[in-house]
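As stored in coords.cif (mmCIF, C-alpha atoms):
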```cif
data_my_file
loop_
_atom_site.label_atom_id
_atom_site.label_comp_id
_atom_site.auth_asym_id
_atom_site.auth_seq_id
_atom_site.Cartn_x
_atom_site.Cartn_y
_atom_site.Cartn_z
CA MET A 744 103.72 77.73 125.84
CA THR A 745 102.40 79.90 123.00
CA PHE A 746 99.17 81.82 122.67
CA THR A 747 97.09 81.38 119.51
CA LEU A 748 94.19 83.62 118.60
CA THR A 749 91.40 81.58 117.03
CA PRO A 750 88.54 83.68 115.63
CA PRO A 751 85.01 82.24 115.82
CA ASP A 752 83.95 80.10 112.89
CA VAL A 753 81.59 82.25 110.83
CA ALA A 754 80.77 79.43 108.41
CA THR A 755 78.72 77.38 110.88
CA GLY A 756 76.28 80.10 111.91
CA ALA A 757 76.69 78.94 115.50
CA PRO A 758 76.53 81.38 118.41
CA ALA A 759 79.80 82.91 119.48
CA ALA A 760 81.81 81.02 122.06
CA THR A 761 81.94 82.67 125.46
CA LEU A 762 85.02 84.63 126.41
CA ASP A 763 87.34 83.13 129.00
CA ALA A 764 86.80 86.31 131.02
CA ASP A 765 83.04 85.63 131.06
CA PHE A 766 83.55 83.27 134.00
CA TYR A 767 79.85 82.96 134.90
CA GLY A 768 78.62 82.72 131.30
CA PHE A 769 76.57 85.91 131.18
CA GLN A 770 76.72 85.84 127.38
CA HIS A 771 74.13 83.04 127.46
CA LEU A 772 71.53 85.66 128.44
CA LEU A 773 71.63 86.92 124.84
CA THR A 774 69.17 85.57 122.29
CA ASP A 775 70.32 83.27 119.51
CA ALA A 776 70.03 86.12 117.00
CA GLU A 777 72.11 88.38 119.22
CA GLN A 778 74.78 85.72 119.68
CA ARG A 779 74.99 85.09 115.95
CA ALA A 780 75.51 88.82 115.38
CA LEU A 781 78.05 88.86 118.19
CA ARG A 782 80.02 86.06 116.54
CA GLU A 783 80.46 88.10 113.35
CA ILE A 784 81.32 91.27 115.28
CA ARG A 785 83.91 89.45 117.37
CA GLU A 786 85.58 87.96 114.31
CA PHE A 787 85.85 91.43 112.76
CA LEU A 788 87.35 92.86 115.94
CA ASP A 789 89.81 90.02 116.44
CA THR A 790 91.07 90.07 112.86
CA GLU A 791 90.71 93.66 111.62
CA VAL A 792 90.91 95.84 114.73
CA ARG A 793 92.93 94.40 117.60
CA PRO A 794 96.03 93.30 115.61
CA PHE A 795 96.51 96.86 114.31
CA ALA A 796 95.34 98.87 117.32
CA ASP A 797 98.79 99.48 118.79
CA ASP A 798 100.04 100.95 115.53
CA HIS A 799 97.11 103.35 115.18
CA TRP A 800 97.45 104.29 118.87
CA ASP A 801 101.17 104.97 118.45
CA ARG A 802 100.55 107.21 115.44
CA ALA A 803 97.51 108.89 117.05
CA GLU A 804 95.49 108.29 113.89
CA SER A 805 91.92 107.11 113.65
CA PRO A 806 91.41 104.00 111.45
CA ARG A 807 88.84 105.70 109.27
CA HIS A 808 89.14 102.99 106.65
CA LEU A 809 87.07 100.78 108.99
CA VAL A 810 84.02 103.06 108.88
CA PRO A 811 82.22 101.20 106.03
CA ARG A 812 82.82 97.78 107.60
CA ILE A 813 81.60 99.00 110.98
CA ALA A 814 78.45 100.31 109.30
CA GLU A 815 77.96 97.02 107.44
CA LEU A 816 77.95 95.18 110.75
CA GLY A 817 75.24 97.52 112.03
CA LEU A 818 77.38 98.84 114.88
CA TYR A 819 76.19 102.43 114.45
CA GLY A 820 72.47 101.75 114.29
CA HIS A 821 71.60 98.89 116.65
CA ALA A 822 69.72 101.13 119.09
CA PHE A 823 67.24 102.84 116.78
CA PRO A 824 64.08 101.48 115.09
CA GLU A 825 64.94 103.27 111.85
CA THR A 826 68.36 101.64 111.51
CA ARG A 827 68.58 98.41 113.52
CA GLN A 828 69.20 95.27 111.49
CA PHE A 829 67.19 93.09 113.89
CA ASP A 830 65.37 93.46 117.19
CA ASN A 831 67.88 93.50 120.00
CA SER A 832 68.21 94.31 123.68
CA ASP A 833 70.17 96.92 125.58
CA VAL A 834 72.08 94.02 127.14
CA PHE A 835 73.22 93.02 123.65
CA ARG A 836 74.18 96.59 122.75
CA GLY A 837 76.13 96.90 125.98
CA TRP A 838 77.87 93.60 125.34
CA VAL A 839 78.87 94.81 121.88
CA ALA A 840 80.33 97.99 123.41
CA MET A 841 82.36 95.78 125.75
CA GLU A 842 83.59 93.61 122.87
CA ILE A 843 84.72 96.63 120.85
CA SER A 844 86.57 98.08 123.83
CA ARG A 845 88.10 94.68 124.54
CA ALA A 846 89.71 94.91 121.09
CA ASP A 847 90.50 98.64 121.22
CA PRO A 848 89.12 101.24 123.65
CA SER A 849 89.80 104.03 121.14
CA THR A 850 87.62 102.39 118.49
CA ALA A 851 84.92 101.89 121.11
CA THR A 852 85.10 105.59 121.95
CA PHE A 853 84.93 106.61 118.29
CA ILE A 854 81.80 104.49 117.80
CA GLY A 855 80.35 105.55 121.15
CA VAL A 856 80.63 109.24 120.32
CA HIS A 857 79.16 108.80 116.85
CA SER A 858 76.36 106.34 117.51
CA GLY A 859 75.95 106.81 121.26
CA LEU A 860 76.18 110.49 122.09
CA ALA A 861 75.47 112.08 118.71
CA MET A 862 72.87 109.71 117.26
CA THR A 863 71.14 109.32 120.63
CA SER A 864 70.92 113.12 120.86
CA ILE A 865 69.05 113.12 117.55
CA ALA A 866 66.93 110.11 118.54
CA VAL A 867 65.94 111.68 121.87
CA GLY A 868 65.80 115.35 120.91
CA GLY A 869 65.16 115.43 117.19
CA SER A 870 61.86 115.87 115.40
CA ASP A 871 60.51 113.07 113.25
CA GLU A 872 61.95 114.87 110.23
CA GLN A 873 65.39 115.22 111.83
CA ARG A 874 65.44 111.54 112.80
CA ALA A 875 64.48 110.57 109.25
CA GLU A 876 67.13 112.82 107.73
CA TRP A 877 70.06 111.93 109.95
CA LEU A 878 69.81 108.53 111.62
CA PRO A 879 69.98 106.41 108.41
CA VAL A 880 72.83 108.52 106.99
CA LEU A 881 74.83 108.22 110.20
CA ALA A 882 74.05 104.52 110.59
CA ARG A 883 75.46 103.88 107.12
CA GLY A 884 78.62 105.78 108.06
CA GLU A 885 78.16 108.18 105.15
CA GLN A 886 78.79 111.05 107.54
CA ILE A 887 80.50 111.05 110.95
CA ALA A 888 79.07 112.90 113.94
CA CYS A 889 80.35 114.17 117.26
CA PHE A 890 78.95 115.65 120.47
CA GLY A 891 79.97 119.10 121.72
CA LEU A 892 79.14 119.62 125.39
CA THR A 893 82.37 119.92 127.43
CA GLU A 894 84.01 123.34 127.44
CA PRO A 895 87.50 124.57 128.34
CA GLY A 896 86.25 125.81 131.70
CA HIS A 897 83.31 123.47 132.28
CA GLY A 898 82.96 119.70 132.48
CA SER A 899 81.12 118.42 135.54
CA ASP A 900 79.16 121.68 135.96
CA THR A 901 77.78 122.07 132.45
CA ALA A 902 74.19 121.95 133.77
CA LYS A 903 74.72 125.35 135.40
CA GLY A 904 77.93 126.70 133.90
CA LEU A 905 77.58 126.27 130.13
CA GLU A 906 79.10 129.36 128.52
CA THR A 907 78.47 128.66 124.82
CA THR A 908 75.51 130.81 123.81
CA ALA A 909 72.77 130.65 121.22
CA GLU A 910 70.91 133.77 120.14
CA ARG A 911 67.91 133.60 117.85
CA ARG A 912 67.56 136.21 115.15
CA GLY A 913 64.57 135.54 112.95
CA ASP A 914 64.72 131.97 111.69
CA SER A 915 68.41 131.53 112.48
CA TRP A 916 70.51 130.96 115.59
CA PHE A 917 73.97 132.42 116.16
CA LEU A 918 76.31 130.24 118.23
CA ASN A 919 79.32 131.60 120.09
CA GLY A 920 81.67 129.82 122.45
CA ALA A 921 84.24 127.06 122.73
CA LYS A 922 84.23 123.28 123.28
CA ARG A 923 87.06 120.99 124.38
CA TRP A 924 87.87 117.26 124.27
CA ILE A 925 85.33 116.67 121.53
CA GLY A 926 85.84 113.13 120.26
CA ASN A 927 85.73 112.84 116.44
CA GLY A 928 85.64 116.65 116.40
CA ALA A 929 88.75 116.95 114.24
CA PHE A 930 86.98 115.47 111.21
CA ALA A 931 83.24 115.20 111.93
CA ASP A 932 80.70 116.12 109.27
CA LEU A 933 77.98 116.84 111.84
CA VAL A 934 78.56 118.38 115.28
CA VAL A 935 75.85 118.34 117.94
CA ILE A 936 76.49 121.57 119.85
CA TRP A 937 74.91 122.28 123.22
CA ALA A 938 74.45 125.95 124.03
CA ARG A 939 72.54 128.19 126.42
CA ASP A 940 69.73 130.22 124.89
CA VAL A 941 70.33 133.86 125.86
CA ALA A 942 66.57 134.51 125.82
CA ASP A 943 65.38 131.92 128.36
CA ASP A 944 68.71 130.65 129.83
CA GLN A 945 67.82 127.06 128.85
CA VAL A 946 70.20 124.55 127.26
CA LYS A 947 69.36 123.70 123.66
CA GLY A 948 70.89 121.41 121.05
CA PHE A 949 71.96 122.37 117.52
CA LEU A 950 73.09 120.39 114.48
CA VAL A 951 76.10 122.13 112.97
CA ARG A 952 77.01 120.92 109.50
CA THR A 953 80.69 121.29 108.73
CA PRO A 954 82.44 123.09 107.22
CA ALA A 955 80.61 126.19 108.44
CA ALA A 956 81.60 129.84 108.54
CA GLY A 957 82.94 130.71 111.99
CA PHE A 958 83.46 127.07 112.98
CA GLU A 959 87.03 125.99 113.77
CA ALA A 960 88.19 122.56 115.01
CA THR A 961 91.79 121.90 116.04
CA LYS A 962 93.01 118.41 116.83
CA ILE A 963 94.37 118.00 120.38
CA GLU A 964 97.88 116.60 120.18
CA ARG A 965 100.27 114.79 122.56
CA LYS A 966 97.57 112.85 124.42
CA GLN A 967 98.63 109.91 126.57
CA SER A 968 95.29 108.08 126.59
CA LEU A 969 92.87 107.04 123.83
CA ARG A 970 95.37 108.40 121.35
CA THR A 971 93.50 107.02 118.35
CA VAL A 972 90.49 109.19 119.16
CA GLU A 973 90.87 112.49 117.33
CA ASN A 974 89.64 114.90 120.00
CA ALA A 975 89.35 118.56 119.10
CA ASP A 976 89.18 122.04 120.52
CA ILE A 977 86.24 123.75 118.83
CA VAL A 978 85.67 127.49 118.54
CA LEU A 979 82.35 128.96 117.38
CA ARG A 980 82.21 132.57 116.22
CA ASP A 981 78.75 133.61 115.07
CA VAL A 982 78.11 130.18 113.56
CA VAL A 983 74.69 130.39 111.90
CA VAL A 984 72.31 127.47 112.36
CA PRO A 985 68.78 127.53 110.90
CA GLU A 986 65.88 126.87 113.24
CA SER A 987 65.25 123.66 111.28
CA ASP A 988 68.60 122.36 112.62
CA ARG A 989 67.77 123.01 116.26
CA LEU A 990 66.89 119.77 118.06
CA GLN A 991 63.17 120.34 118.34
CA ARG A 992 62.47 118.20 121.41
CA ILE A 993 65.21 119.63 123.64
CA ASP A 994 63.82 122.26 126.01
CA GLY A 995 66.49 122.27 128.72
CA PHE A 996 69.27 120.37 130.43
CA ARG A 997 66.80 117.80 131.74
CA ASP A 998 66.28 116.56 128.18
CA LEU A 999 70.03 116.45 127.59
CA ALA A 1000 70.36 114.45 130.82
CA VAL A 1001 68.31 111.67 129.23
CA VAL A 1002 70.99 111.30 126.55
CA LEU A 1003 73.73 111.25 129.17
CA ARG A 1004 71.94 108.59 131.24
CA LEU A 1005 71.52 106.30 128.26
CA THR A 1006 75.13 106.63 127.12
CA ARG A 1007 76.67 106.55 130.62
CA ALA A 1008 75.52 102.96 131.16
CA HIS A 1009 77.21 101.95 127.92
CA VAL A 1010 80.41 103.68 129.00
CA ALA A 1011 80.36 101.31 131.98
CA TRP A 1012 80.28 98.45 129.48
CA GLN A 1013 83.09 100.12 127.54
CA ALA A 1014 85.18 100.41 130.69
CA LEU A 1015 84.56 96.72 131.34
CA GLY A 1016 85.96 95.94 127.89
CA VAL A 1017 89.22 97.67 128.82
CA ALA A 1018 89.56 95.31 131.78
CA VAL A 1019 88.75 92.25 129.68
CA GLY A 1020 91.32 93.21 127.05
CA ALA A 1021 93.97 93.78 129.71
CA TYR A 1022 93.12 90.49 131.40
CA GLU A 1023 93.49 88.57 128.15
CA CYS A 1024 96.89 90.20 127.62
CA ALA A 1025 98.00 89.21 131.11
CA VAL A 1026 96.82 85.60 130.77
CA ALA A 1027 98.61 85.25 127.44
CA TYR A 1028 101.79 86.80 128.83
CA ALA A 1029 101.78 84.73 132.03
CA GLY A 1030 101.54 81.52 130.03
CA ALA A 1031 104.29 82.47 127.61
CA ARG A 1032 106.81 84.23 129.85
CA VAL A 1033 109.32 81.80 131.39
CA GLN A 1034 111.30 82.75 134.50
CA PHE A 1035 113.32 80.41 136.73
CA GLY A 1036 112.67 77.64 134.23
CA LYS A 1037 108.87 77.68 134.12
CA PRO A 1038 106.00 79.93 133.00
CA ILE A 1039 105.21 82.69 135.48
CA ALA A 1040 101.59 81.50 135.36
CA SER A 1041 102.71 78.67 137.66
CA TYR A 1042 103.62 81.04 140.50
CA GLN A 1043 101.17 81.73 143.30
CA LEU A 1044 101.47 85.51 143.29
CA VAL A 1045 100.71 85.68 139.56
CA GLN A 1046 97.71 83.39 139.95
CA GLN A 1047 96.45 85.57 142.80
CA LYS A 1048 96.57 88.67 140.59
CA LEU A 1049 94.75 86.85 137.79
CA ALA A 1050 92.08 85.59 140.19
CA ASP A 1051 91.55 89.09 141.59
CA ALA A 1052 91.34 90.55 138.09
CA LEU A 1053 88.79 87.95 137.01
CA ALA A 1054 86.70 88.52 140.13
CA ASN A 1055 86.61 92.26 139.39
CA ILE A 1056 85.55 91.56 135.81
CA THR A 1057 82.85 89.12 136.88
CA ALA A 1058 81.36 91.57 139.37
CA CYS A 1059 81.40 94.32 136.75
CA ILE A 1060 79.68 92.15 134.14
CA GLY A 1061 76.91 91.45 136.63
CA MET A 1062 76.38 95.15 137.31
CA CYS A 1063 76.48 96.07 133.61
CA VAL A 1064 74.01 93.34 132.70
CA ARG A 1065 71.58 94.47 135.36
CA VAL A 1066 71.72 98.17 134.49
CA SER A 1067 71.00 97.27 130.85
CA GLN A 1068 68.15 95.00 131.91
CA LEU A 1069 66.69 97.98 133.77
CA GLN A 1070 66.88 99.95 130.52
CA ASP A 1071 65.17 97.13 128.63
CA GLU A 1072 62.45 97.18 131.30
CA GLY A 1073 62.08 100.96 130.97
CA VAL A 1074 62.93 101.67 134.62
CA GLN A 1075 66.59 102.69 134.47
CA LEU A 1076 67.25 105.94 136.37
CA ASP A 1077 70.18 108.35 136.50
CA GLN A 1078 71.50 106.83 139.71
CA HIS A 1079 71.51 103.34 138.17
CA SER A 1080 73.74 104.30 135.24
CA ALA A 1081 75.85 106.56 137.47
CA MET A 1082 76.57 103.76 139.95
CA ALA A 1083 77.52 101.40 137.13
CA LYS A 1084 79.88 103.88 135.51
CA ALA A 1085 81.56 104.83 138.81
CA PHE A 1086 81.94 101.32 140.18
CA VAL A 1087 83.03 99.64 136.97
CA SER A 1088 85.55 102.29 135.94
CA ALA A 1089 87.13 102.17 139.42
CA ARG A 1090 87.41 98.37 139.35
CA VAL A 1091 88.84 98.60 135.84
CA ARG A 1092 91.63 100.84 137.11
CA GLU A 1093 92.50 98.21 139.71
CA THR A 1094 92.30 95.40 137.17
CA VAL A 1095 94.53 96.92 134.50
CA ALA A 1096 97.10 97.74 137.20
CA LEU A 1097 97.16 94.10 138.34
CA CYS A 1098 97.49 92.93 134.76
CA ARG A 1099 100.31 95.37 134.03
CA GLU A 1100 102.17 94.13 137.10
CA ILE A 1101 102.02 90.60 135.72
CA CYS A 1102 103.71 91.78 132.53
CA GLY A 1103 106.58 93.39 134.44
CA GLY A 1104 108.89 95.64 132.44
CA ASN A 1105 107.33 94.44 129.19
CA GLY A 1106 104.07 95.95 130.39
CA VAL A 1107 105.16 99.46 129.51
CA GLN A 1108 105.84 98.74 125.82
CA LEU A 1109 103.36 98.87 122.96
CA GLY A 1110 103.33 95.39 121.42
CA GLY A 1111 106.69 93.66 121.24
CA GLN A 1112 105.45 90.32 122.60
CA GLU A 1113 105.66 88.43 119.33
CA GLN A 1114 108.90 86.72 120.38
CA LEU A 1115 106.84 84.94 123.04
CA GLY A 1116 104.31 83.69 120.51
CA ILE A 1117 101.74 86.33 121.49
CA PRO A 1118 100.00 87.99 118.51
CA ALA A 1119 99.94 91.72 117.84
CA GLY A 1120 97.42 93.62 119.89
CA TYR A 1121 98.07 91.70 123.10
CA GLY A 1122 100.37 94.23 124.74
CA ILE A 1123 99.12 95.66 128.01
CA ALA A 1124 100.39 99.26 127.79
CA ARG A 1125 97.58 100.59 125.59
CA TYR A 1126 94.86 99.29 127.92
CA PHE A 1127 96.69 100.61 130.98
CA ALA A 1128 96.85 104.12 129.49
CA ASP A 1129 93.35 104.09 128.03
CA ALA A 1130 91.76 103.11 131.33
CA GLU A 1131 92.57 106.56 132.70
CA ALA A 1132 90.47 108.42 130.14
CA VAL A 1133 87.57 105.98 130.45
CA TYR A 1134 87.68 106.44 134.22
CA THR A 1135 87.17 110.18 133.72
CA PHE A 1136 84.82 110.81 130.81
CA GLU A 1137 81.00 110.61 130.87
CA GLY A 1138 81.16 111.88 134.44
CA THR A 1139 84.07 111.52 136.82
CA TYR A 1140 83.99 108.93 139.60
CA ASP A 1141 83.24 111.70 142.11
CA MET A 1142 80.34 113.20 140.15
CA ASN A 1143 78.70 109.86 139.45
CA SER A 1144 79.08 108.94 143.12
CA LEU A 1145 77.30 112.18 144.06
CA ILE A 1146 74.40 111.30 141.75
CA VAL A 1147 74.03 108.06 143.72
CA GLY A 1148 74.45 109.98 146.98
CA ARG A 1149 71.62 112.31 146.01
CA ALA A 1150 69.39 109.31 145.38
CA ILE A 1151 70.29 107.86 148.78
CA THR A 1152 69.82 111.02 150.84
CA GLY A 1153 67.49 113.18 148.80
CA ILE A 1154 70.07 115.99 149.14
CA SER A 1155 72.14 117.32 146.25
CA ALA A 1156 75.80 117.86 147.10
CA PHE A 1157 76.60 119.49 143.75
CA VAL A 1158 76.07 123.07 144.97
#
```

If you took the structure in this file and wrote it as structure tokens, what would it be?
Amino acid sequence: MTFTLTPPDVATGAPAATLDADFYGFQHLLTDAEQRALREIREFLDTEVRPFADDHWDRAESPRHLVPRIAELGLYGHAFPETRQFDNSDVFRGWVAMEISRADPSTATFIGVHSGLAMTSIAVGGSDEQRAEWLPVLARGEQIACFGLTEPGHGSDTAKGLETTAERRGDSWFLNGAKRWIGNGAFADLVVIWARDVADDQVKGFLVRTPAAGFEATKIERKQSLRTVENADIVLRDVVVPESDRLQRIDGFRDLAVVLRLTRAHVAWQALGVAVGAYECAVAYAGARVQFGKPIASYQLVQQKLADALANITACIGMCVRVSQLQDEGVQLDQHSAMAKAFVSARVRETVALCREICGGNGVQLGGQEQLGIPAGYGIARYFADAEAVYTFEGTYDMNSLIVGRAITGISAFV
């Protein structure tokens, strides 16, 4: 048995076919316009991203040549009135995040940092003038942005422990501090830096245009997860930012928390995509790998693992769809996105482990399945490794669980 990848037919204009992993057909909740857009996006991912993802991952290099094509498809600007190509729902935007991660979690992270964290920061916290200046430029991919919140000594406790400072002198701000694990930070043109105002002790956001005097970004090497994402250590030494480049509608961490809530739900979708990609690898491998004279897909224990993996995926799709529906209805709360991110990323960990087991010893190698008739990009190792980073970022499982616990009990367990 061989596995053949057949991209959707873009000539017919028909909606995209549902994925085999979409067992309950949730994709049918999308509008016709959203499904037509999804068809084109999926073809791009299946032909220009997934087949080459292992190579980029192995070399730890971002496929920057894809930036114009990603912009052409509208993938940076779907969420914002100034840049969206058509009216669309948060369910659609979440589904797209899943599809990108299904092809390559690193590419999904690159796009999520640029259009999710950075552009959403400007959309939520920027003045009308800042939105007009930056959102179209970023949506066209003419400049790449990143989001600088996490610090060497602070991740989960940034609400109280942020050490990067901002001091106003006249019409300028002076930023000092350090940031760590900043996705896209090694090459970004615009860096959204979060710092504590020394005057009022409130968190504020700043748009740092690079290169800038006193700004240093160093690529983090030897990563074992999301290797294609060019994370950076950033040091700020008296970096001068004019008042006009301070995010004018950010008055404290509560405003930043709005950005994190909106993006956290989409990270749940992204985590789901890791599981879907791994599941597709496992199904392809089980059908092509012959042991004891027949495909391993015919054995009960393999079928049990596939059934468990698909059940996890189906439950996660249901949760992701609902949390995005809540956003579309304008009633999504922190605990809703936190529960989705915690639950889905934990189930994804289980799912990729099941799928790697199915692939046996071949499950620890990047690619190398072509001799079985499986196309490039259908090796399980990349998904297995990338699931670990997705499980951790945008709030660890523990921290997101405590957000839900606070909603249940009315008592914060953070401090």

(request) For the file shown, report as a list in words the outcome of the PyMOL selection byres ((chain A and resi 905) around 9) at residue level. (result) Leu892, Thr893, Glu894, Gly896, His897, Gly898, Asp900, Thr901, Ala902, Lys903, Gly904, Glu906, Thr907, Thr908, Trp937, Ala938, Arg939 and Val946 of chain A

Would you output that residue set with C-alpha atoms, as a PDB file, keeping the file's coordinate frame?
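Just written: out-v8.pdb:
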```
ATOM      1  CA  LEU A 892      79.140 119.620 125.390  1.00  0.00           C
ATOM      2  CA  THR A 893      82.370 119.920 127.430  1.00  0.00           C
ATOM      3  CA  GLU A 894      84.010 123.340 127.440  1.00  0.00           C
ATOM      4  CA  GLY A 896      86.250 125.810 131.700  1.00  0.00           C
ATOM      5  CA  HIS A 897      83.310 123.470 132.280  1.00  0.00           C
ATOM      6  CA  GLY A 898      82.960 119.700 132.480  1.00  0.00           C
ATOM      7  CA  ASP A 900      79.160 121.680 135.960  1.00  0.00           C
ATOM      8  CA  THR A 901      77.780 122.070 132.450  1.00  0.00           C
ATOM      9  CA  ALA A 902      74.190 121.950 133.770  1.00  0.00           C
ATOM     10  CA  LYS A 903      74.720 125.350 135.400  1.00  0.00           C
ATOM     11  CA  GLY A 904      77.930 126.700 133.900  1.00  0.00           C
ATOM     12  CA  GLU A 906      79.100 129.360 128.520  1.00  0.00           C
ATOM     13  CA  THR A 907      78.470 128.660 124.820  1.00  0.00           C
ATOM     14  CA  THR A 908      75.510 130.810 123.810  1.00  0.00           C
ATOM     15  CA  TRP A 937      74.910 122.280 123.220  1.00  0.00           C
ATOM     16  CA  ALA A 938      74.450 125.950 124.030  1.00  0.00           C
ATOM     17  CA  ARG A 939      72.540 128.190 126.420  1.00  0.00           C
ATOM     18  CA  VAL A 946      70.200 124.550 127.260  1.00  0.00           C
TER      19      VAL A 946
END
```

(message) For a quick check of understanding, using only C-alpha atoms, which of A:Ala1040, A:Ala1011, A:Ile784, A:Ala882 has the smallest distance to A:Ile1060?
(response) A:Ala1011

(message) So, with all atoms listed in the file as the atoms that count, which of A:Gln886, A:Gln991, A:Ala764, A:Thr826 lies closest to A:Gln873?
(response) A:Gln991

(message) So the first atom is atom CA of A:Val1001 and the second is atom CA of A:Asp976; what is the distance between them in Å, to one decimal place?
(response) 24.9 Å

(request) Find the residue from A:Gly868, A:Gly1122, A:Pro794, A:Pro879 that sits nearest to A:Gln828; use all atoms listed in the file when measuring. (result)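 Result for the nearest residue to A:Gln828: A:Pro879.
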
(message) Excluding A:Val1107 and its own-chain neighbours fewer than 6 positions away, which residues fall within 9 Å of it when counting all atoms listed in the file? Please give them as number ranges by chain.
(response) A: 1099, 1122-1125, 1127

(request) Kindly resolve the PyMOL selection byres ((chain A and resi 1016) around 10) on the present coordinates and return the residues as a PyMOL selection string. (result) chain A and resi 838-848+851+1010-1015+1017-1022+1056+1060+1091+1126+1130

At most 6 Å from (82.9, 113.5, 120.1), file frame, only C-alpha atoms: which residues, as a PDB file with C-alpha atoms, keeping the file's coordinate frame?
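Result written to part.pdb:
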```pdb
ATOM      1  CA  VAL A 856      80.630 109.240 120.320  1.00  0.00           C
ATOM      2  CA  CYS A 889      80.350 114.170 117.260  1.00  0.00           C
ATOM      3  CA  PHE A 890      78.950 115.650 120.470  1.00  0.00           C
ATOM      4  CA  ILE A 925      85.330 116.670 121.530  1.00  0.00           C
ATOM      5  CA  GLY A 926      85.840 113.130 120.260  1.00  0.00           C
ATOM      6  CA  ASN A 927      85.730 112.840 116.440  1.00  0.00           C
ATOM      7  CA  GLY A 928      85.640 116.650 116.400  1.00  0.00           C
TER       8      GLY A 928
END
```

Edge lengths and centre in Å to one decimal, as JSON, is what I'm after for the box along x, y and z that holds all listed atoms of stretch 972-990 of chain A once 6 Å is added on each side.
```
{"center_x": 78.1, "center_y": 121.4, "center_z": 115.7, "size_x": 37.6, "size_y": 36.4, "size_z": 21.6}
```

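Among the candidate residues A:Val1026, A:Val934, A:Leu979, A:Leu809, the one lying nearest to A:Phe787 is A:Leu809, with distances computed using only C-alpha atoms.
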
Can you list, as a compact mmCIF listing (two decimals) with C-alpha atoms, in the frame of the given file, the residues that the PyMOL selection byres ((chain A and resi 1141) around 12) selects here?
```txt
# COMPACT_ATOMS: atom_id res chain seq x y z
CA SER A 899 81.12 118.42 135.54
CA ALA A 1081 75.85 106.56 137.47
CA MET A 1082 76.57 103.76 139.95
CA LYS A 1084 79.88 103.88 135.51
CA ALA A 1085 81.56 104.83 138.81
CA PHE A 1086 81.94 101.32 140.18
CA SER A 1088 85.55 102.29 135.94
CA ALA A 1089 87.13 102.17 139.42
CA TYR A 1134 87.68 106.44 134.22
CA THR A 1135 87.17 110.18 133.72
CA PHE A 1136 84.82 110.81 130.81
CA GLU A 1137 81.00 110.61 130.87
CA GLY A 1138 81.16 111.88 134.44
CA THR A 1139 84.07 111.52 136.82
CA TYR A 1140 83.99 108.93 139.60
CA MET A 1142 80.34 113.20 140.15
CA ASN A 1143 78.70 109.86 139.45
CA SER A 1144 79.08 108.94 143.12
CA LEU A 1145 77.30 112.18 144.06
CA ILE A 1146 74.40 111.30 141.75
CA VAL A 1147 74.03 108.06 143.72
CA GLY A 1148 74.45 109.98 146.98
CA ALA A 1156 75.80 117.86 147.10
CA PHE A 1157 76.60 119.49 143.75
```

(message) Would you compute the distance between atom CA of A:Thr1006 and atom CA of A:Ser849? Give it in Å to one decimal.
(response)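 Between atom CA of A:Thr1006 and atom CA of A:Ser849 the gap is 16.1 Å.
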
(request) Considering all atoms listed in the file, state which residue in the set A:Asp944, A:Glu885, A:Glu786, A:Asp798 is at the smallest distance from A:Val810. (result) A:Glu885

(request) For atom CA of A:Cys1059 and atom CA of A:Ala1083, determine how far apart the two atoms are, in Å to one decimal place. (result) 8.1 Å

(request) Between A:Ala803, A:Leu918, A:Leu881, A:Ala1058, single out the one closest to A:Lys947, counting all atoms listed in the file. (result)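 Residue with the minimum atom-to-atom distance to A:Lys947: A:Leu918.
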
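Taking all atoms listed in the file, the non-local environment of A:Ala875 within 9 Å (same-chain residues fewer than 5 positions away omitted) comprises Glu825, Ser870 and Val880 of chain A.
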
Can I get the residues of stretch 1099-1123 of chain A within 9 Å of stretch 1028-1035 of chain A, each with the closest pair of atoms and their distance in Å to one decimal, using only C-alpha atoms, sorted chain first then ascending number, as a Markdown table?
```
| residue | atom | partner | partner_atom | distance |
| --- | --- | --- | --- | --- |
| A:Ile1101 | CA | A:Ala1029 | CA | 6.9 |
| A:Cys1102 | CA | A:Tyr1028 | CA | 6.5 |
| A:Gln1112 | CA | A:Tyr1028 | CA | 8.0 |
| A:Leu1115 | CA | A:Ala1031 | CA | 5.8 |
| A:Gly1116 | CA | A:Ala1031 | CA | 7.2 |
| A:Ile1117 | CA | A:Tyr1028 | CA | 7.4 |
| A:Tyr1121 | CA | A:Tyr1028 | CA | 8.4 |
| A:Gly1122 | CA | A:Tyr1028 | CA | 8.6 |
```

Take stretch 997-1001 of chain A, model N, CA and C atoms, and hand the result over as a CSV table (one decimal), in the frame of the given file.
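Written file, part-v3.csv:
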```csv
chain,number,residue,atom,x,y,z
A,997,ARG,N,67.4,119.1,131.3
A,997,ARG,CA,66.8,117.8,131.7
A,997,ARG,C,66.6,116.9,130.6
A,998,ASP,N,66.4,117.4,129.4
A,998,ASP,CA,66.3,116.6,128.2
A,998,ASP,C,67.6,116.0,127.8
A,999,LEU,N,68.7,116.9,127.9
A,999,LEU,CA,70.0,116.4,127.6
A,999,LEU,C,70.4,115.4,128.6
A,1000,ALA,N,70.0,115.4,129.8
A,1000,ALA,CA,70.4,114.4,130.8
A,1000,ALA,C,69.9,113.1,130.4
A,1001,VAL,N,68.8,113.0,129.7
A,1001,VAL,CA,68.3,111.7,129.2
A,1001,VAL,C,69.4,111.0,128.3
```
